[in-house]
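Novice: The following block contains the structure, expressed as structure tokens.
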Amino acid sequence: MTYDEFMKAVNSNSALPSVLLFSGEEEKLKQYAYQKLRAALIPEGMESLNESVFEGACDVRQLDESVGTLPFMTGKRLVVLRDSPLVAASRGSQDEAAISKMIDEMPDTTCLVFYVTGKADQRRTISKKIIKLGGNVDFNELDLAALTRWCNAKAKSMGKVLYPGAVAQISSLVGNLLLDVGAALDKVFDYTGNRAEVTAADISAVVQPTLESSIFKITDSVIAGNTPQALQVIKQQLEANANEIQILSLLASAFRRLLLVKTIGGNDRTKIAQALKVSPGFAGVLINQARNISALGLKNALEACTQAVENITSGRMKAQAALYDAVFTAVNETEMKQ
């Protein structure tokens with residue numbers, strides 16, 4: 001289920017599955033949703049008697065005892081497995097069979113939450129079982145419309161008014177994750193002081209682009225064949241203490257993602273969004289990017305980045321020279337367009 005569907009169920013006191021899987025890259029929403037679930041299940045002041053939290057791998061016997069303990073003065077206990085290797089790792093676990101049986105026999109008096117930092121591994125036995133039971137809650141990045149509503153609400157609470165393009169401007173600099181966007185807004189609000197209006201100039205003055213958002217600009221420049229612009233963004237990131245291997249690794253990931261878009265084919269945003277675990281809006285952006293370079297061009301650009309990292313780590317080339325060489329090679333591949 002989506003974050004909105006989950007929150008609607010919690011706010012209306014509707015029944016939820018007894019076992020939930022919190023997964024996705026939007027950590028701020030995930031934390032908020034957990035606190036709302038906790039408040040809905042456990043009366044204030046009774047948390048210590050009705051909540052058990054296990055970090056990482058846990059003892060199955062202790063977990064079984066906690067799951068089987070009756071709630072005190074409330075309808076349900078809350079049991080949380082944070083970053084359990086049962087759902088967060090790709091390797092097997094000898095506890096899978098026991099936990100799977102425990103899920104099948106989950107009492108109505110317990111809500112078991114697998115809380116994952118980042119994304120769960122949906123190939124795991126336990127993940128598949130929870131998904132089949134309808135207990136997975138996806139915390140993906142907000143689209144621009146939802147992000148705008150969130151930012152405007154935050155601005156209003158601070159007595160501020162954002163200019164119409166503010167959220168899009170901030171998103172282009174730091175991405176769509178609420179932790180990053182919220183931190184950027186805090187900087188802007190501090191900068192504007194007692195002035196209510198927030199302008200484009202205010203945002204430009206204090207919000208610097210993250211490495212991740214810069215990678216998108218570099219990729220865009222490479223595909224457009226704009227070498228000077230790509231090198232300018234790289235220079236800015238190197239001056240901001242990013243290193244060459246970081247940049248190359250993220251560029252390789254960007255080319256690999258575009259190659260997957262090519263492999264899937266078509267213009268179905270929903271299908272590509274599901275495959276890449278991104279928002280439909282961002283999937284549309286990736287589709288447009290991928291149109292301008294062939295699959296062969298992407299493969300060669302990816303290989304250029306991988307080879308550059310190898311050249312740096314082996315000492316065959318200096319880091320900056322290897323990075324620039326990879327960019328020049330990738331730009332040349334833009335001639336191989338569909």
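Naming works like this for the structure tokens: A, B, ... for the chains as they're shown, residue 1 at the start of each chain, ligands 1 onward in shown order.
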Can you write out as a Markdown table which residues of region 286-338 of chain A fall within 7 Å of region 228-245 of chain A, alongside each residue's closest atom pair and its distance in Å to one decimal, counting only C-alpha atoms and ordering rows by chain and ascending residue number?

Specialist:
```
| residue | atom | partner | partner_atom | distance |
| --- | --- | --- | --- | --- |
| A:Val309 | CA | A:Ile245 | CA | 6.0 |
| A:Ala319 | CA | A:Glu244 | CA | 6.0 |
| A:Gln320 | CA | A:Glu244 | CA | 6.4 |
| A:Leu323 | CA | A:Glu244 | CA | 6.2 |
```

Novice: If you run DSSP over the backbone, which residues in region 38-232 of chain A end up strand (DSSP E or B)? Put them as a short mmCIF file (atom, residue, chain, number, x, y, z; two decimals) with C-alpha atoms, in the first residue's frame.

Specialist:
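Output saved as part.cif:
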```cif
data_model
loop_
_atom_site.label_atom_id
_atom_site.label_comp_id
_atom_site.auth_asym_id
_atom_site.auth_seq_id
_atom_site.Cartn_x
_atom_site.Cartn_y
_atom_site.Cartn_z
CA GLU A 51 6.16 -1.81 22.72
CA SER A 52 9.20 -3.98 22.03
CA VAL A 53 11.94 -2.95 19.60
CA PHE A 54 14.60 -5.31 18.23
CA GLU A 55 17.59 -3.97 16.29
CA ARG A 77 1.06 -4.53 21.41
CA LEU A 78 3.57 -3.09 18.96
CA VAL A 79 6.64 -5.19 18.13
CA VAL A 80 9.26 -3.69 15.84
CA LEU A 81 12.13 -5.35 13.99
CA ARG A 82 14.47 -2.60 12.81
CA THR A 110 0.01 -7.87 18.21
CA CYS A 111 1.16 -5.63 15.37
CA LEU A 112 4.57 -6.70 14.06
CA VAL A 113 6.46 -4.10 12.01
CA PHE A 114 9.56 -4.81 9.92
CA TYR A 115 11.09 -1.33 9.75
CA GLY A 118 16.04 2.32 2.82
CA ASN A 136 3.93 -3.71 2.68
CA VAL A 137 3.92 0.08 2.99
CA ASP A 138 5.96 1.89 0.32
CA VAL A 161 5.38 32.59 1.65
CA LEU A 162 7.22 30.71 -1.10
CA GLU A 197 8.49 36.41 1.09
CA VAL A 198 10.96 33.80 -0.19
#
```

Novice: With only C-alpha atoms as the counted atoms, please give the residues lying no more than 12 Å from Ser12 (chain A), apart from itself and same-chain residues fewer than 5 positions off, as a VMD selection string.

Specialist: chain A and resid 5 to 7 36 to 37 40

Novice: Quick one, how far is CA of Gln246 (chain A) from CA of Leu296 (chain A)?

Specialist: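 So the answer is 23.8 Å.
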
Novice: Expressed in Å to a single decimal, how great is the separation between CA of Leu177 (chain A) and CA of Thr199 (chain A)?

Specialist: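 CA of Thr199 (chain A) lies at a distance of 21.2 Å from CA of Leu177 (chain A).
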
Novice: Calculated over only C-alpha atoms, which of the candidates A:Met102, A:Ala283, A:Ala39, A:Ile131 has the smallest distance to Met1 (chain A)?

Specialist: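 Closest to Met1 (chain A), using only C-alpha atoms: A:Ile131.
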
Novice: List the neighbours of Leu185 (chain A) out to 12 Å using only C-alpha atoms; skip same-chain residues closer than 4 positions along the sequence, and give me the result as a PyMOL selection string.

Specialist: chain A and resi 148+150-156+158+160-162+166-167+169-171+173-174+178-181+189-192+198-199+202-204+206-208

Novice: Could you write out the selected residues, including N, CA, C and O atoms, as a short mmCIF file (atom, residue, chain, number, x, y, z; two decimals), in the first residue's frame?

Specialist:
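Output file part_11.cif is given in full below:
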```
data_model
loop_
_atom_site.label_atom_id
_atom_site.label_comp_id
_atom_site.auth_asym_id
_atom_site.auth_seq_id
_atom_site.Cartn_x
_atom_site.Cartn_y
_atom_site.Cartn_z
N THR A 148 5.19 20.09 -3.02
CA THR A 148 4.80 21.50 -2.95
C THR A 148 3.82 21.74 -1.81
O THR A 148 3.93 22.73 -1.07
N TRP A 150 3.54 19.99 0.92
CA TRP A 150 4.29 19.84 2.17
C TRP A 150 5.12 21.09 2.46
O TRP A 150 5.12 21.60 3.59
N CYS A 151 5.80 21.60 1.45
CA CYS A 151 6.66 22.79 1.64
C CYS A 151 5.83 24.03 1.96
O CYS A 151 6.22 24.83 2.83
N ASN A 152 4.70 24.19 1.28
CA ASN A 152 3.85 25.35 1.56
C ASN A 152 3.29 25.31 2.97
O ASN A 152 3.17 26.35 3.63
N ALA A 153 2.95 24.11 3.43
CA ALA A 153 2.45 23.97 4.80
C ALA A 153 3.55 24.32 5.81
O ALA A 153 3.30 25.00 6.81
N LYS A 154 4.78 23.87 5.53
CA LYS A 154 5.90 24.18 6.42
C LYS A 154 6.18 25.68 6.42
O LYS A 154 6.41 26.27 7.48
N ALA A 155 6.13 26.27 5.23
CA ALA A 155 6.37 27.71 5.13
C ALA A 155 5.31 28.50 5.89
O ALA A 155 5.62 29.46 6.62
N LYS A 156 4.06 28.10 5.74
CA LYS A 156 2.96 28.79 6.42
C LYS A 156 3.13 28.73 7.93
O LYS A 156 2.88 29.73 8.63
N MET A 158 5.78 28.75 9.50
CA MET A 158 6.89 29.63 9.88
C MET A 158 6.61 31.08 9.51
O MET A 158 7.49 31.94 9.65
N LYS A 160 6.02 32.19 6.47
CA LYS A 160 6.70 32.48 5.21
C LYS A 160 5.79 32.19 4.02
O LYS A 160 4.86 31.40 4.11
N VAL A 161 6.11 32.82 2.89
CA VAL A 161 5.38 32.59 1.65
C VAL A 161 6.39 32.29 0.55
O VAL A 161 7.27 33.11 0.27
N LEU A 162 6.29 31.11 -0.05
CA LEU A 162 7.22 30.71 -1.10
C LEU A 162 6.74 31.24 -2.45
O LEU A 162 5.55 31.20 -2.76
N ALA A 166 9.36 28.00 -6.18
CA ALA A 166 10.37 27.72 -5.14
C ALA A 166 10.64 26.24 -4.96
O ALA A 166 11.79 25.81 -4.87
N VAL A 167 9.58 25.44 -4.88
CA VAL A 167 9.76 24.01 -4.59
C VAL A 167 10.47 23.32 -5.76
O VAL A 167 11.35 22.49 -5.55
N GLN A 169 12.56 24.72 -7.75
CA GLN A 169 13.95 25.18 -7.70
C GLN A 169 14.74 24.40 -6.66
O GLN A 169 15.85 23.92 -6.93
N ILE A 170 14.16 24.26 -5.47
CA ILE A 170 14.85 23.51 -4.41
C ILE A 170 15.01 22.05 -4.79
O ILE A 170 16.08 21.45 -4.59
N SER A 171 13.96 21.47 -5.38
CA SER A 171 14.02 20.07 -5.80
C SER A 171 15.12 19.83 -6.82
O SER A 171 15.80 18.81 -6.79
N LEU A 173 17.87 21.27 -6.93
CA LEU A 173 19.17 21.41 -6.27
C LEU A 173 19.47 20.26 -5.31
O LEU A 173 20.61 19.80 -5.24
N VAL A 174 18.45 19.80 -4.58
CA VAL A 174 18.72 18.80 -3.53
C VAL A 174 17.91 17.51 -3.69
O VAL A 174 18.04 16.60 -2.88
N LEU A 178 12.35 14.48 1.72
CA LEU A 178 11.91 15.50 2.67
C LEU A 178 13.01 15.96 3.61
O LEU A 178 13.06 17.12 4.00
N LEU A 179 13.89 15.04 4.01
CA LEU A 179 14.98 15.44 4.90
C LEU A 179 15.85 16.51 4.25
O LEU A 179 16.24 17.50 4.89
N ASP A 180 16.16 16.34 2.96
CA ASP A 180 17.00 17.29 2.24
C ASP A 180 16.24 18.58 1.93
O ASP A 180 16.78 19.68 2.09
N VAL A 181 14.99 18.43 1.49
CA VAL A 181 14.19 19.61 1.17
C VAL A 181 13.91 20.42 2.44
O VAL A 181 14.00 21.66 2.44
N PHE A 189 14.81 29.97 5.32
CA PHE A 189 14.03 30.72 6.31
C PHE A 189 14.96 31.49 7.24
O PHE A 189 14.67 32.63 7.61
N ASP A 190 16.08 30.88 7.61
CA ASP A 190 17.05 31.59 8.46
C ASP A 190 17.64 32.78 7.70
O ASP A 190 17.84 33.86 8.26
N TYR A 191 17.90 32.59 6.42
CA TYR A 191 18.51 33.63 5.59
C TYR A 191 17.58 34.83 5.42
O TYR A 191 18.02 35.99 5.44
N THR A 192 16.28 34.56 5.28
CA THR A 192 15.33 35.65 5.04
C THR A 192 14.95 36.40 6.31
O THR A 192 14.36 37.48 6.24
N VAL A 198 9.76 34.54 0.21
CA VAL A 198 10.96 33.80 -0.19
C VAL A 198 11.08 33.86 -1.70
O VAL A 198 10.17 33.47 -2.43
N THR A 199 12.22 34.38 -2.19
CA THR A 199 12.41 34.57 -3.62
C THR A 199 13.40 33.54 -4.19
O THR A 199 14.08 32.83 -3.45
N ASP A 202 16.87 34.21 -2.92
CA ASP A 202 17.13 33.70 -1.57
C ASP A 202 17.59 32.25 -1.63
O ASP A 202 18.54 31.85 -0.94
N ILE A 203 16.90 31.47 -2.43
CA ILE A 203 17.23 30.04 -2.53
C ILE A 203 18.61 29.86 -3.15
O ILE A 203 19.42 29.08 -2.66
N SER A 204 18.89 30.60 -4.21
CA SER A 204 20.19 30.50 -4.88
C SER A 204 21.33 30.89 -3.95
O SER A 204 22.44 30.36 -4.06
N VAL A 206 21.68 30.40 -0.69
CA VAL A 206 22.04 29.52 0.43
C VAL A 206 21.91 28.03 0.17
O VAL A 206 22.43 27.22 0.94
N VAL A 207 21.23 27.64 -0.90
CA VAL A 207 21.03 26.21 -1.15
C VAL A 207 21.98 25.76 -2.25
O VAL A 207 21.90 26.22 -3.39
N GLN A 208 22.90 24.86 -1.89
CA GLN A 208 23.86 24.33 -2.84
C GLN A 208 23.40 22.98 -3.38
O GLN A 208 22.79 22.19 -2.65
#
```

Novice: Of the residues A:Ala98, A:Ala224, A:Leu21, A:Ala200, which is the one nearest to Lys132 (chain A), using only C-alpha atoms?

Specialist: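 Checking each candidate against Lys132 (chain A), we get A:Leu21 as the closest.
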
Novice: Neighbours of Arg38 (chain A) within 10 Å (only C-alpha atoms; same-chain residues fewer than 3 positions away dropped), as JSON, numbers by chain?

Specialist: {"A": [10, 32, 33, 34, 35, 41, 42, 43, 44, 47, 50, 51, 77, 78, 111]}

Novice: Write the selection just made, keeping N, CA, C and O atoms, as a PDB file, in the first residue's frame?

Specialist:
```pdb
ATOM      1  N   VAL A  10      -4.860   4.519   9.181  1.00  0.00           N
ATOM      2  CA  VAL A  10      -4.517   4.842  10.572  1.00  0.00           C
ATOM      3  C   VAL A  10      -5.435   5.942  11.110  1.00  0.00           C
ATOM      4  O   VAL A  10      -5.974   5.838  12.219  1.00  0.00           O
ATOM      5  N   TYR A  32       7.460   9.445  10.473  1.00  0.00           N
ATOM      6  CA  TYR A  32       6.174  10.059  10.831  1.00  0.00           C
ATOM      7  C   TYR A  32       5.066   9.007  10.869  1.00  0.00           C
ATOM      8  O   TYR A  32       4.246   8.981  11.799  1.00  0.00           O
ATOM      9  N   ALA A  33       5.036   8.129   9.870  1.00  0.00           N
ATOM     10  CA  ALA A  33       4.004   7.092   9.804  1.00  0.00           C
ATOM     11  C   ALA A  33       4.113   6.146  10.994  1.00  0.00           C
ATOM     12  O   ALA A  33       3.094   5.729  11.566  1.00  0.00           O
ATOM     13  N   TYR A  34       5.343   5.817  11.377  1.00  0.00           N
ATOM     14  CA  TYR A  34       5.525   4.927  12.528  1.00  0.00           C
ATOM     15  C   TYR A  34       5.013   5.590  13.810  1.00  0.00           C
ATOM     16  O   TYR A  34       4.340   4.940  14.635  1.00  0.00           O
ATOM     17  N   GLN A  35       5.314   6.866  13.982  1.00  0.00           N
ATOM     18  CA  GLN A  35       4.840   7.562  15.178  1.00  0.00           C
ATOM     19  C   GLN A  35       3.312   7.631  15.219  1.00  0.00           C
ATOM     20  O   GLN A  35       2.701   7.499  16.283  1.00  0.00           O
ATOM     21  N   LEU A  41      -2.098   2.916  18.327  1.00  0.00           N
ATOM     22  CA  LEU A  41      -2.212   1.615  18.995  1.00  0.00           C
ATOM     23  C   LEU A  41      -2.022   1.676  20.504  1.00  0.00           C
ATOM     24  O   LEU A  41      -2.628   0.897  21.248  1.00  0.00           O
ATOM     25  N   ILE A  42      -1.167   2.598  20.953  1.00  0.00           N
ATOM     26  CA  ILE A  42      -0.770   2.599  22.368  1.00  0.00           C
ATOM     27  C   ILE A  42      -1.127   3.937  23.020  1.00  0.00           C
ATOM     28  O   ILE A  42      -0.711   4.995  22.532  1.00  0.00           O
ATOM     29  N   PRO A  43      -1.880   3.914  24.124  1.00  0.00           N
ATOM     30  CA  PRO A  43      -2.196   5.158  24.833  1.00  0.00           C
ATOM     31  C   PRO A  43      -0.922   5.850  25.330  1.00  0.00           C
ATOM     32  O   PRO A  43       0.061   5.182  25.682  1.00  0.00           O
ATOM     33  N   GLU A  44      -0.934   7.169  25.337  1.00  0.00           N
ATOM     34  CA  GLU A  44       0.217   7.933  25.801  1.00  0.00           C
ATOM     35  C   GLU A  44       0.600   7.539  27.220  1.00  0.00           C
ATOM     36  O   GLU A  44      -0.249   7.434  28.101  1.00  0.00           O
ATOM     37  N   GLU A  47       3.677   3.274  26.518  1.00  0.00           N
ATOM     38  CA  GLU A  47       4.556   2.718  25.487  1.00  0.00           C
ATOM     39  C   GLU A  47       5.515   1.663  26.045  1.00  0.00           C
ATOM     40  O   GLU A  47       5.732   0.620  25.415  1.00  0.00           O
ATOM     41  N   ASN A  50       3.910  -1.719  26.265  1.00  0.00           N
ATOM     42  CA  ASN A  50       3.239  -2.289  25.097  1.00  0.00           C
ATOM     43  C   ASN A  50       4.042  -2.211  23.803  1.00  0.00           C
ATOM     44  O   ASN A  50       3.496  -2.434  22.729  1.00  0.00           O
ATOM     45  N   GLU A  51       5.333  -1.907  23.918  1.00  0.00           N
ATOM     46  CA  GLU A  51       6.161  -1.809  22.724  1.00  0.00           C
ATOM     47  C   GLU A  51       7.493  -2.505  22.945  1.00  0.00           C
ATOM     48  O   GLU A  51       8.133  -2.332  23.988  1.00  0.00           O
ATOM     49  N   ARG A  77      -0.353  -4.820  21.165  1.00  0.00           N
ATOM     50  CA  ARG A  77       1.064  -4.535  21.407  1.00  0.00           C
ATOM     51  C   ARG A  77       1.723  -4.199  20.082  1.00  0.00           C
ATOM     52  O   ARG A  77       1.265  -4.621  19.016  1.00  0.00           O
ATOM     53  N   LEU A  78       2.807  -3.442  20.150  1.00  0.00           N
ATOM     54  CA  LEU A  78       3.575  -3.092  18.956  1.00  0.00           C
ATOM     55  C   LEU A  78       4.966  -3.700  19.091  1.00  0.00           C
ATOM     56  O   LEU A  78       5.692  -3.417  20.046  1.00  0.00           O
ATOM     57  N   CYS A 111       0.806  -6.180  16.683  1.00  0.00           N
ATOM     58  CA  CYS A 111       1.155  -5.632  15.374  1.00  0.00           C
ATOM     59  C   CYS A 111       2.672  -5.725  15.247  1.00  0.00           C
ATOM     60  O   CYS A 111       3.403  -5.123  16.042  1.00  0.00           O
TER      61      CYS A 111
END
```

Novice: What gap, in Å, lies between CA of Val19 (chain A) and CA of Val278 (chain A)?

Specialist: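 It comes out at 24.6 Å.
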
Novice: Check the DSSP output for the backbone and give back, as a PyMOL selection string, the residues of region 67-196 of chain A in alpha helix (DSSP H).

Specialist: chain A and resi 67-68+85-88+96-104+125-132+144-157+166-174+178-192

Novice: Kindly indicate which residue among A:Ala322, A:Ala308, A:Ile103, A:Ile272 lies nearest to Leu20 (chain A), using only C-alpha atoms for the distances.

Specialist: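 That would be A:Ile103, the residue with the smallest distance to Leu20 (chain A).
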